[in-house]
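One file, start.cif, carrying mmCIF, C-alpha atoms:
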```
data_protein
loop_
_atom_site.label_atom_id
_atom_site.label_comp_id
_atom_site.auth_asym_id
_atom_site.auth_seq_id
_atom_site.Cartn_x
_atom_site.Cartn_y
_atom_site.Cartn_z
CA MET A 1 -17.42 -14.79 -24.22
CA ARG A 2 -14.58 -17.17 -25.08
CA LEU A 3 -14.05 -15.32 -28.36
CA LEU A 4 -13.72 -12.02 -26.50
CA LEU A 5 -11.01 -13.55 -24.29
CA ALA A 6 -9.22 -15.22 -27.20
CA VAL A 7 -7.63 -12.04 -28.60
CA PRO A 8 -6.07 -10.71 -25.35
CA LEU A 9 -5.05 -14.25 -24.39
CA PHE A 10 -3.38 -14.74 -27.77
CA TRP A 11 -1.61 -11.39 -27.38
CA LEU A 12 -0.41 -12.33 -23.89
CA VAL A 13 0.93 -15.74 -24.96
CA VAL A 14 2.56 -14.68 -28.22
CA VAL A 15 3.82 -11.18 -27.48
CA TYR A 16 4.58 -11.22 -23.76
CA LEU A 17 5.32 -14.84 -22.88
CA GLY A 18 6.86 -15.48 -26.31
CA SER A 19 9.29 -12.58 -26.03
CA LEU A 20 10.09 -13.57 -22.44
CA ALA A 21 10.86 -17.14 -23.54
CA ILE A 22 13.16 -15.91 -26.31
CA LEU A 23 14.89 -13.60 -23.85
CA LEU A 24 15.52 -16.43 -21.40
CA LEU A 25 16.71 -18.75 -24.17
CA ASN A 26 19.53 -16.28 -24.82
CA ALA A 27 21.00 -17.43 -21.50
CA PHE A 28 21.71 -20.85 -23.03
CA TRP A 29 23.14 -19.57 -26.33
CA THR A 30 26.69 -18.50 -27.11
CA SER A 31 27.75 -15.13 -28.45
CA ASP A 32 30.65 -14.07 -30.63
CA PRO A 33 33.31 -12.49 -28.35
CA PHE A 34 34.20 -9.86 -30.98
CA THR A 35 30.86 -8.87 -32.54
CA GLY A 36 28.60 -9.79 -29.61
CA LYS A 37 26.22 -11.51 -32.03
CA VAL A 38 24.21 -14.30 -30.39
CA ASN A 39 24.37 -17.72 -32.05
CA PRO A 40 20.88 -19.22 -31.68
CA PHE A 41 20.68 -22.92 -30.83
CA ASP A 42 24.41 -23.06 -30.12
CA TRP A 43 23.83 -24.30 -26.58
CA SER A 44 26.14 -23.41 -23.71
CA LEU A 45 26.10 -22.81 -19.95
CA ALA A 46 29.01 -20.36 -20.11
CA ALA A 47 26.81 -17.43 -19.01
CA PHE A 48 25.79 -19.25 -15.82
CA ASP A 49 29.39 -20.29 -15.14
CA GLN A 50 30.43 -16.64 -15.41
CA ILE A 51 27.66 -15.45 -13.09
CA PHE A 52 28.19 -18.11 -10.41
CA GLY A 53 31.96 -17.78 -10.60
CA ASN A 54 32.06 -13.99 -10.28
CA GLU A 55 31.77 -12.54 -6.78
CA VAL A 56 30.52 -9.22 -8.15
CA TYR A 57 27.30 -10.80 -9.39
CA ARG A 58 26.69 -12.45 -6.02
CA THR A 59 27.32 -9.18 -4.19
CA VAL A 60 24.90 -7.29 -6.44
CA ALA A 61 22.24 -9.97 -5.96
CA LEU A 62 22.57 -9.89 -2.15
CA ARG A 63 22.51 -6.08 -2.16
CA THR A 64 19.34 -6.01 -4.27
CA VAL A 65 17.48 -8.61 -2.20
CA GLY A 66 18.58 -6.90 1.01
CA MET A 67 17.33 -3.54 -0.27
CA ALA A 68 14.00 -5.09 -1.32
CA ILE A 69 13.55 -6.58 2.16
CA LEU A 70 14.54 -3.30 3.86
CA VAL A 71 12.14 -1.25 1.72
CA THR A 72 9.32 -3.74 2.39
CA LEU A 73 9.85 -3.60 6.16
CA THR A 74 10.11 0.21 6.11
CA ASP A 75 6.91 0.60 4.13
CA ALA A 76 5.10 -1.89 6.37
CA LEU A 77 6.07 0.08 9.48
CA LEU A 78 5.02 3.38 7.89
CA ALA A 79 1.86 2.06 6.23
CA PHE A 80 0.27 0.24 9.15
CA PRO A 81 -0.48 3.24 11.41
CA ILE A 82 -1.64 5.29 8.42
CA ALA A 83 -3.93 2.51 7.20
CA TYR A 84 -5.22 1.86 10.72
CA TYR A 85 -6.12 5.51 11.23
CA MET A 86 -7.89 5.60 7.87
CA ALA A 87 -9.86 2.40 8.43
CA ARG A 88 -10.68 2.50 12.15
CA VAL A 89 -10.36 6.08 13.42
CA ALA A 90 -10.92 8.71 10.71
CA SER A 91 -14.37 9.98 9.81
CA ARG A 92 -15.81 9.18 6.39
CA ARG A 93 -14.87 12.64 5.08
CA VAL A 94 -11.30 12.52 6.39
CA ARG A 95 -10.95 8.95 5.13
CA GLY A 96 -11.89 10.05 1.62
CA LEU A 97 -9.38 12.90 1.73
CA LEU A 98 -6.63 10.57 2.91
CA VAL A 99 -7.35 8.04 0.16
CA VAL A 100 -7.09 10.83 -2.42
CA ALA A 101 -3.86 12.09 -0.81
CA ILE A 102 -2.34 8.58 -1.02
CA LEU A 103 -3.44 8.06 -4.62
CA MET A 104 -2.33 11.47 -5.88
CA PRO A 105 1.42 10.64 -6.00
CA LEU A 106 0.57 7.70 -8.27
CA TRP A 107 -0.78 10.15 -10.87
CA ALA A 108 2.58 11.93 -11.09
CA SER A 109 5.26 10.70 -13.45
CA TYR A 110 7.60 8.11 -12.00
CA LEU A 111 10.65 9.87 -13.49
CA VAL A 112 9.53 13.30 -12.28
CA LYS A 113 9.38 12.00 -8.71
CA ILE A 114 12.85 10.46 -8.96
CA PHE A 115 14.37 13.62 -10.41
CA ALA A 116 12.68 15.63 -7.66
CA TRP A 117 14.44 13.46 -5.06
CA ARG A 118 17.69 13.74 -7.03
CA THR A 119 17.40 17.53 -6.83
CA ILE A 120 16.92 17.26 -3.07
CA PHE A 121 19.99 15.03 -2.65
CA LEU A 122 22.34 17.02 -4.90
CA GLY A 123 25.33 18.71 -3.27
CA ASN A 124 23.72 22.11 -3.71
CA GLY A 125 20.19 20.83 -3.29
CA LEU A 126 17.48 21.45 -0.70
CA LEU A 127 18.81 18.94 1.86
CA SER A 128 22.31 20.37 1.65
CA TRP A 129 20.91 23.89 2.10
CA LEU A 130 19.05 22.79 5.24
CA LEU A 131 22.00 20.88 6.77
CA THR A 132 24.85 23.30 5.96
CA PRO A 133 24.05 25.78 8.81
CA PHE A 134 24.50 22.87 11.27
CA GLY A 135 27.87 21.92 9.77
CA ILE A 136 26.48 18.70 8.27
CA PRO A 137 27.29 18.07 4.59
CA GLY A 138 24.55 17.04 2.21
CA PRO A 139 24.38 13.36 1.22
CA GLY A 140 25.00 13.98 -2.49
CA THR A 141 24.00 11.34 -5.01
CA ASP A 142 26.54 8.67 -4.03
CA GLU A 143 24.92 7.16 -0.93
CA ILE A 144 23.06 3.85 -1.17
CA ALA A 145 20.72 5.12 1.58
CA ASN A 146 19.28 7.49 -1.04
CA SER A 147 17.91 4.50 -2.93
CA TRP A 148 16.31 3.18 0.26
CA ILE A 149 14.56 6.52 0.92
CA VAL A 150 13.34 6.94 -2.67
CA PHE A 151 12.17 3.34 -3.00
CA SER A 152 10.28 3.57 0.30
CA TYR A 153 8.60 6.78 -0.86
CA LEU A 154 7.68 5.46 -4.31
CA TRP A 155 6.13 2.16 -3.19
CA LEU A 156 4.49 3.29 0.08
CA PRO A 157 0.98 3.71 -1.47
CA TYR A 158 1.14 0.12 -2.72
CA MET A 159 1.57 -1.03 0.88
CA ILE A 160 -0.99 1.32 2.44
CA LEU A 161 -3.93 0.39 0.21
CA PRO A 162 -3.95 -3.42 0.78
CA ILE A 163 -3.50 -2.98 4.54
CA TYR A 164 -6.26 -0.38 4.58
CA ALA A 165 -8.57 -2.78 2.72
CA GLY A 166 -7.73 -5.56 5.17
CA LEU A 167 -8.36 -3.38 8.22
CA GLU A 168 -11.62 -2.09 6.78
CA ARG A 169 -12.90 -5.68 6.46
CA LEU A 170 -11.99 -6.42 10.06
CA PRO A 171 -15.24 -6.85 12.10
CA SER A 172 -15.53 -4.35 14.94
CA SER A 173 -17.19 -7.05 17.01
CA LEU A 174 -13.88 -8.91 17.30
CA LEU A 175 -12.17 -5.85 18.76
CA GLU A 176 -15.06 -5.29 21.16
CA ALA A 177 -15.00 -8.94 22.23
CA SER A 178 -11.28 -8.74 22.90
CA ALA A 179 -11.78 -5.62 25.03
CA ASP A 180 -14.68 -7.26 26.91
CA LEU A 181 -12.44 -10.22 27.75
CA GLY A 182 -9.96 -7.83 29.36
CA ALA A 183 -7.31 -7.75 26.64
CA ARG A 184 -5.19 -4.61 26.49
CA ALA A 185 -4.64 -2.68 23.26
CA GLY A 186 -1.25 -4.30 22.63
CA THR A 187 -2.62 -7.81 23.19
CA THR A 188 -5.56 -7.13 20.89
CA PHE A 189 -3.22 -5.91 18.21
CA ARG A 190 -0.88 -8.92 18.47
CA ARG A 191 -3.51 -11.66 18.82
CA VAL A 192 -6.49 -10.31 16.87
CA VAL A 193 -5.64 -7.49 14.47
CA LEU A 194 -2.22 -8.58 13.18
CA PRO A 195 -3.09 -12.23 12.42
CA LEU A 196 -6.23 -11.20 10.50
CA VAL A 197 -4.52 -8.39 8.57
CA PHE A 198 -1.28 -10.29 7.95
CA PRO A 199 -2.41 -11.62 4.52
CA ALA A 200 -3.12 -8.03 3.42
CA LEU A 201 0.33 -6.98 4.64
CA VAL A 202 1.90 -9.82 2.63
CA ALA A 203 -0.16 -8.73 -0.38
CA GLY A 204 1.30 -5.23 -0.10
CA SER A 205 4.78 -6.66 0.27
CA ILE A 206 4.44 -8.36 -3.13
CA PHE A 207 4.41 -4.91 -4.74
CA THR A 208 7.13 -3.31 -2.64
CA PHE A 209 9.45 -6.31 -2.89
CA SER A 210 9.02 -7.02 -6.59
CA LEU A 211 9.16 -3.37 -7.69
CA THR A 212 12.37 -2.80 -5.74
CA LEU A 213 13.87 -6.05 -7.01
CA GLY A 214 13.50 -5.10 -10.67
CA ASP A 215 14.12 -1.35 -10.59
CA TYR A 216 17.28 0.04 -12.14
CA ILE A 217 16.41 3.71 -12.67
CA VAL A 218 16.36 4.81 -9.02
CA PRO A 219 19.85 3.45 -8.18
CA SER A 220 21.35 4.98 -11.31
CA LEU A 221 19.95 8.45 -10.58
CA VAL A 222 20.19 8.88 -6.80
CA SER A 223 23.09 6.61 -5.80
CA ASP A 224 26.16 4.91 -7.25
CA ALA A 225 25.27 1.37 -6.14
CA LYS A 226 24.55 -1.30 -8.73
CA PHE A 227 21.46 -3.48 -8.47
CA ILE A 228 20.30 -6.51 -10.46
CA GLY A 229 18.42 -4.33 -12.94
CA ASN A 230 21.51 -2.18 -13.56
CA VAL A 231 23.66 -5.24 -14.31
CA ILE A 232 21.04 -6.59 -16.73
CA TYR A 233 20.71 -3.22 -18.44
CA ASP A 234 24.48 -2.69 -18.70
CA ASN A 235 25.08 -6.13 -20.21
CA SER A 236 22.21 -5.63 -22.67
CA ALA A 237 23.62 -2.27 -23.73
CA LEU A 238 27.02 -3.86 -24.29
CA GLY A 239 25.46 -6.62 -26.40
CA ASN A 240 26.21 -9.34 -23.84
CA PHE A 241 22.72 -10.84 -24.07
CA PRO A 242 23.52 -14.33 -22.66
CA ILE A 243 24.79 -12.78 -19.39
CA ALA A 244 21.83 -10.37 -19.25
CA ALA A 245 19.36 -13.21 -19.88
CA ALA A 246 20.99 -15.54 -17.36
CA TYR A 247 21.01 -12.84 -14.68
CA SER A 248 17.36 -12.01 -15.49
CA MET A 249 16.40 -15.48 -14.30
CA LEU A 250 17.47 -14.63 -10.75
CA PRO A 251 14.73 -12.07 -9.94
CA ILE A 252 12.19 -14.26 -11.76
CA LEU A 253 13.05 -17.27 -9.59
CA ILE A 254 13.06 -15.15 -6.44
CA MET A 255 9.61 -13.77 -7.23
CA VAL A 256 8.22 -17.22 -8.10
CA VAL A 257 9.30 -18.49 -4.67
CA TYR A 258 7.99 -15.30 -3.03
CA LEU A 259 4.59 -15.62 -4.74
CA VAL A 260 4.28 -19.28 -3.75
CA ILE A 261 4.91 -18.34 -0.11
CA ALA A 262 2.51 -15.38 -0.36
CA ARG A 263 -0.18 -17.62 -1.81
CA ARG A 264 0.18 -20.04 1.09
CA LEU A 265 -0.22 -17.11 3.49
CA GLY A 266 -3.50 -16.10 1.79
CA ALA A 267 -2.18 -12.88 0.28
CA PHE A 268 -3.95 -13.29 -3.07
CA GLU A 269 -7.36 -13.10 -1.39
CA SER A 270 -6.39 -9.65 -0.08
CA LEU A 271 -5.40 -8.18 -3.46
#
```
Represent the structure contained in this file as structure tokens.
Amino acid sequence: MRLLLAVPLFWLVVVYLGSLAILLLNAFWTSDPFTGKVNPFDWSLAAFDQIFGNEVYRTVALRTVGMAILVTLTDALLAFPIAYYMARVASRRVRGLLVVAILMPLWASYLVKIFAWRTIFLGNGLLSWLLTPFGIPGPGTDEIANSWIVFSYLWLPYMILPIYAGLERLPSSLLEASADLGARAGTTFRRVVLPLVFPALVAGSIFTFSLTLGDYIVPSLVSDAKFIGNVIYDNSALGNFPIAAAYSMLPILIMVVYLVIARRLGAFESL
């Protein structure tokens, strides 16, 4: 059994963690200002000085984290009633159909879905065609709100499924006991349902938050706003690897803190 695990473990350590370590080491190395060539083991904190001293990098970081929080809250508000209906109200047949309907978008190509939304947002796209008779111009592909809509759409299934699993494990006897004690529906939800399902909601938020935090394709295709991923990609394309590596540490640190908090809230047991 140990031998069977040795090969994938070796691959994970050497290929994934090894490449990640080399990437992050670039943040502490210098680069030639003319050729862009990185000088390994020529240690420097110049990349961090540039990031912390430049307001643009701070603005992009705050924008990205704010978008990740907004998308997570939006998906939580949309996912909870859907998941509740599936787990507690729908018949077995309807429940199965809804699960398939939620999983089906995950089978479609990620890029195809983004380009479909881009087509909708274009100046002569579907949304513009619908709004023009009312004298309202289409949003185009410059609005940051486009990213919020597309992100919320893309990651919604990742929020629905953990909440659905958490609600399905909720004993019906607890809801009946709450009703027998005279609690109203709102009180039962706040004091019984929500506390028990909260770890599952946090588990779903891990996906929505982390996927939004690291994405750079959606903002570049449906809006003109820069996110952390765009800055990392742009600096890598320009050969400025120390800046790209140093900025890459930010989402990693954010997610480490987020996962520690999620673990304390019991989210891992709901995955």
Would you please work out which residue, of A:Met249, A:Leu12, A:Ser173, A:Ile149, is nearest to Val71 (chain A) when using only C-alpha atoms? A:Ile149
Can you pull out the residues contacting region 116-129 of chain A? Cut-off 7 Å, using only C-alpha atoms, and skip same-chain residues under 6 positions away; I want them as number ranges by chain. A: 137-141, 221-222
Hey, could you make a per-residue contact list for region 161-192 of chain A against region 201-214 of chain A with 8 Å as the cut-off, showing the nearest pair of atoms and its distance in Å to one decimal, counting all atoms listed in the file, sorted by chain and number, as CSV?
```
residue,atom,partner,partner_atom,distance
A:Leu161,CA,A:Gly204,CA,7.7
A:Pro162,CA,A:Gly204,CA,5.6
A:Ile163,CA,A:Leu201,CA,5.5
```
Carefully work through the PyMOL selection byres ((chain A and resi 70) around 10) for this structure and note down the residues it includes, as a tab-separated table (two decimals) with C-alpha atoms, in the frame of the given file.
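Okay, out-v1.tsv is ready:
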```tsv
chain	number	residue	atom	x	y	z
A	64	THR	CA	19.34	-6.01	-4.27
A	65	VAL	CA	17.48	-8.61	-2.20
A	66	GLY	CA	18.58	-6.90	1.01
A	67	MET	CA	17.33	-3.54	-0.27
A	68	ALA	CA	14.00	-5.09	-1.32
A	69	ILE	CA	13.55	-6.58	2.16
A	71	VAL	CA	12.14	-1.25	1.72
A	72	THR	CA	9.32	-3.74	2.39
A	73	LEU	CA	9.85	-3.60	6.16
A	74	THR	CA	10.11	0.21	6.11
A	75	ASP	CA	6.91	0.60	4.13
A	76	ALA	CA	5.10	-1.89	6.37
A	148	TRP	CA	16.31	3.18	0.26
A	151	PHE	CA	12.17	3.34	-3.00
A	152	SER	CA	10.28	3.57	0.30
A	208	THR	CA	7.13	-3.31	-2.64
A	209	PHE	CA	9.45	-6.31	-2.89
A	212	THR	CA	12.37	-2.80	-5.74
```
Can you tell me which residues surround Ala83 (chain A) at a distance of at most 12 Å, considering all atoms listed in the file, apart from same-chain residues fewer than 6 positions away, and format the answer as a short mmCIF file (atom, residue, chain, number, x, y, z; two decimals) with C-alpha atoms, keeping the file's coordinate frame?
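Produced file part-v5.cif, reproduced below:
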```
data_model
loop_
_atom_site.label_atom_id
_atom_site.label_comp_id
_atom_site.auth_asym_id
_atom_site.auth_seq_id
_atom_site.Cartn_x
_atom_site.Cartn_y
_atom_site.Cartn_z
CA ASP A 75 6.91 0.60 4.13
CA ALA A 76 5.10 -1.89 6.37
CA LEU A 77 6.07 0.08 9.48
CA VAL A 89 -10.36 6.08 13.42
CA ALA A 90 -10.92 8.71 10.71
CA ARG A 95 -10.95 8.95 5.13
CA LEU A 98 -6.63 10.57 2.91
CA VAL A 99 -7.35 8.04 0.16
CA ILE A 102 -2.34 8.58 -1.02
CA LEU A 156 4.49 3.29 0.08
CA PRO A 157 0.98 3.71 -1.47
CA TYR A 158 1.14 0.12 -2.72
CA MET A 159 1.57 -1.03 0.88
CA ILE A 160 -0.99 1.32 2.44
CA LEU A 161 -3.93 0.39 0.21
CA PRO A 162 -3.95 -3.42 0.78
CA ILE A 163 -3.50 -2.98 4.54
CA TYR A 164 -6.26 -0.38 4.58
CA ALA A 165 -8.57 -2.78 2.72
CA GLY A 166 -7.73 -5.56 5.17
CA LEU A 167 -8.36 -3.38 8.22
CA GLU A 168 -11.62 -2.09 6.78
CA VAL A 197 -4.52 -8.39 8.57
CA ALA A 200 -3.12 -8.03 3.42
CA LEU A 201 0.33 -6.98 4.64
CA GLY A 204 1.30 -5.23 -0.10
#
```
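The closest residue to Asp49 (chain A), picked from A:Asp234, A:Asp215, A:Ala27, A:Ala185 and counting all atoms listed in the file, is A:Ala27.
Coordinates place CA of Val218 (chain A) at a distance of 20.1 Å from CA of Met104 (chain A).
The gap separating CA of Pro40 (chain A) from CA of Pro251 (chain A) is 23.7 Å, in Å to one decimal.
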Spell out the residues picked by the PyMOL selection byres ((chain A and resi 242) around 7) here, as a PDB file with C-alpha atoms, in the frame of the given file.
```pdb
ATOM      1  CA  ASN A  26      19.530 -16.280 -24.820  1.00  0.00           C
ATOM      2  CA  ALA A  27      21.000 -17.430 -21.500  1.00  0.00           C
ATOM      3  CA  PHE A  28      21.710 -20.850 -23.030  1.00  0.00           C
ATOM      4  CA  TRP A  29      23.140 -19.570 -26.330  1.00  0.00           C
ATOM      5  CA  THR A  30      26.690 -18.500 -27.110  1.00  0.00           C
ATOM      6  CA  ALA A  47      26.810 -17.430 -19.010  1.00  0.00           C
ATOM      7  CA  ASN A 240      26.210  -9.340 -23.840  1.00  0.00           C
ATOM      8  CA  PHE A 241      22.720 -10.840 -24.070  1.00  0.00           C
ATOM      9  CA  ILE A 243      24.790 -12.780 -19.390  1.00  0.00           C
ATOM     10  CA  ALA A 244      21.830 -10.370 -19.250  1.00  0.00           C
ATOM     11  CA  ALA A 245      19.360 -13.210 -19.880  1.00  0.00           C
ATOM     12  CA  ALA A 246      20.990 -15.540 -17.360  1.00  0.00           C
TER      13      ALA A 246
END
```
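For the point (18.7, 1.2, -3.8) in file coordinates, the residues within 6 Å, using only C-alpha atoms, are Ile144, Ser147, Trp148 and Pro219 of chain A.
We find CA of Ala61 (chain A) and CA of Ile228 (chain A) to be spaced 6.0 Å apart.
The residue that comes closest to Ser248 (chain A), out of A:Trp107, A:Trp11, A:Phe227, A:Phe80 and on the basis of all atoms listed in the file, is A:Phe227.
With only C-alpha atoms as the atoms that count, the residue of A:Ala145, A:Pro199, A:Asn39, A:Tyr110 with the shortest distance to Arg264 (chain A) is A:Pro199.
Excluding Glu143 (chain A) itself and same-chain residues fewer than 5 positions from it, the residues having an atom within 9 Å of it are Val222, Ser223, Asp224 and Ala225 of chain A, counting all atoms listed in the file.
Counting only C-alpha atoms and comparing A:Val150, A:Val193, A:Leu250, A:Ala237, the residue that lies closest to Ser178 (chain A) is A:Val193.
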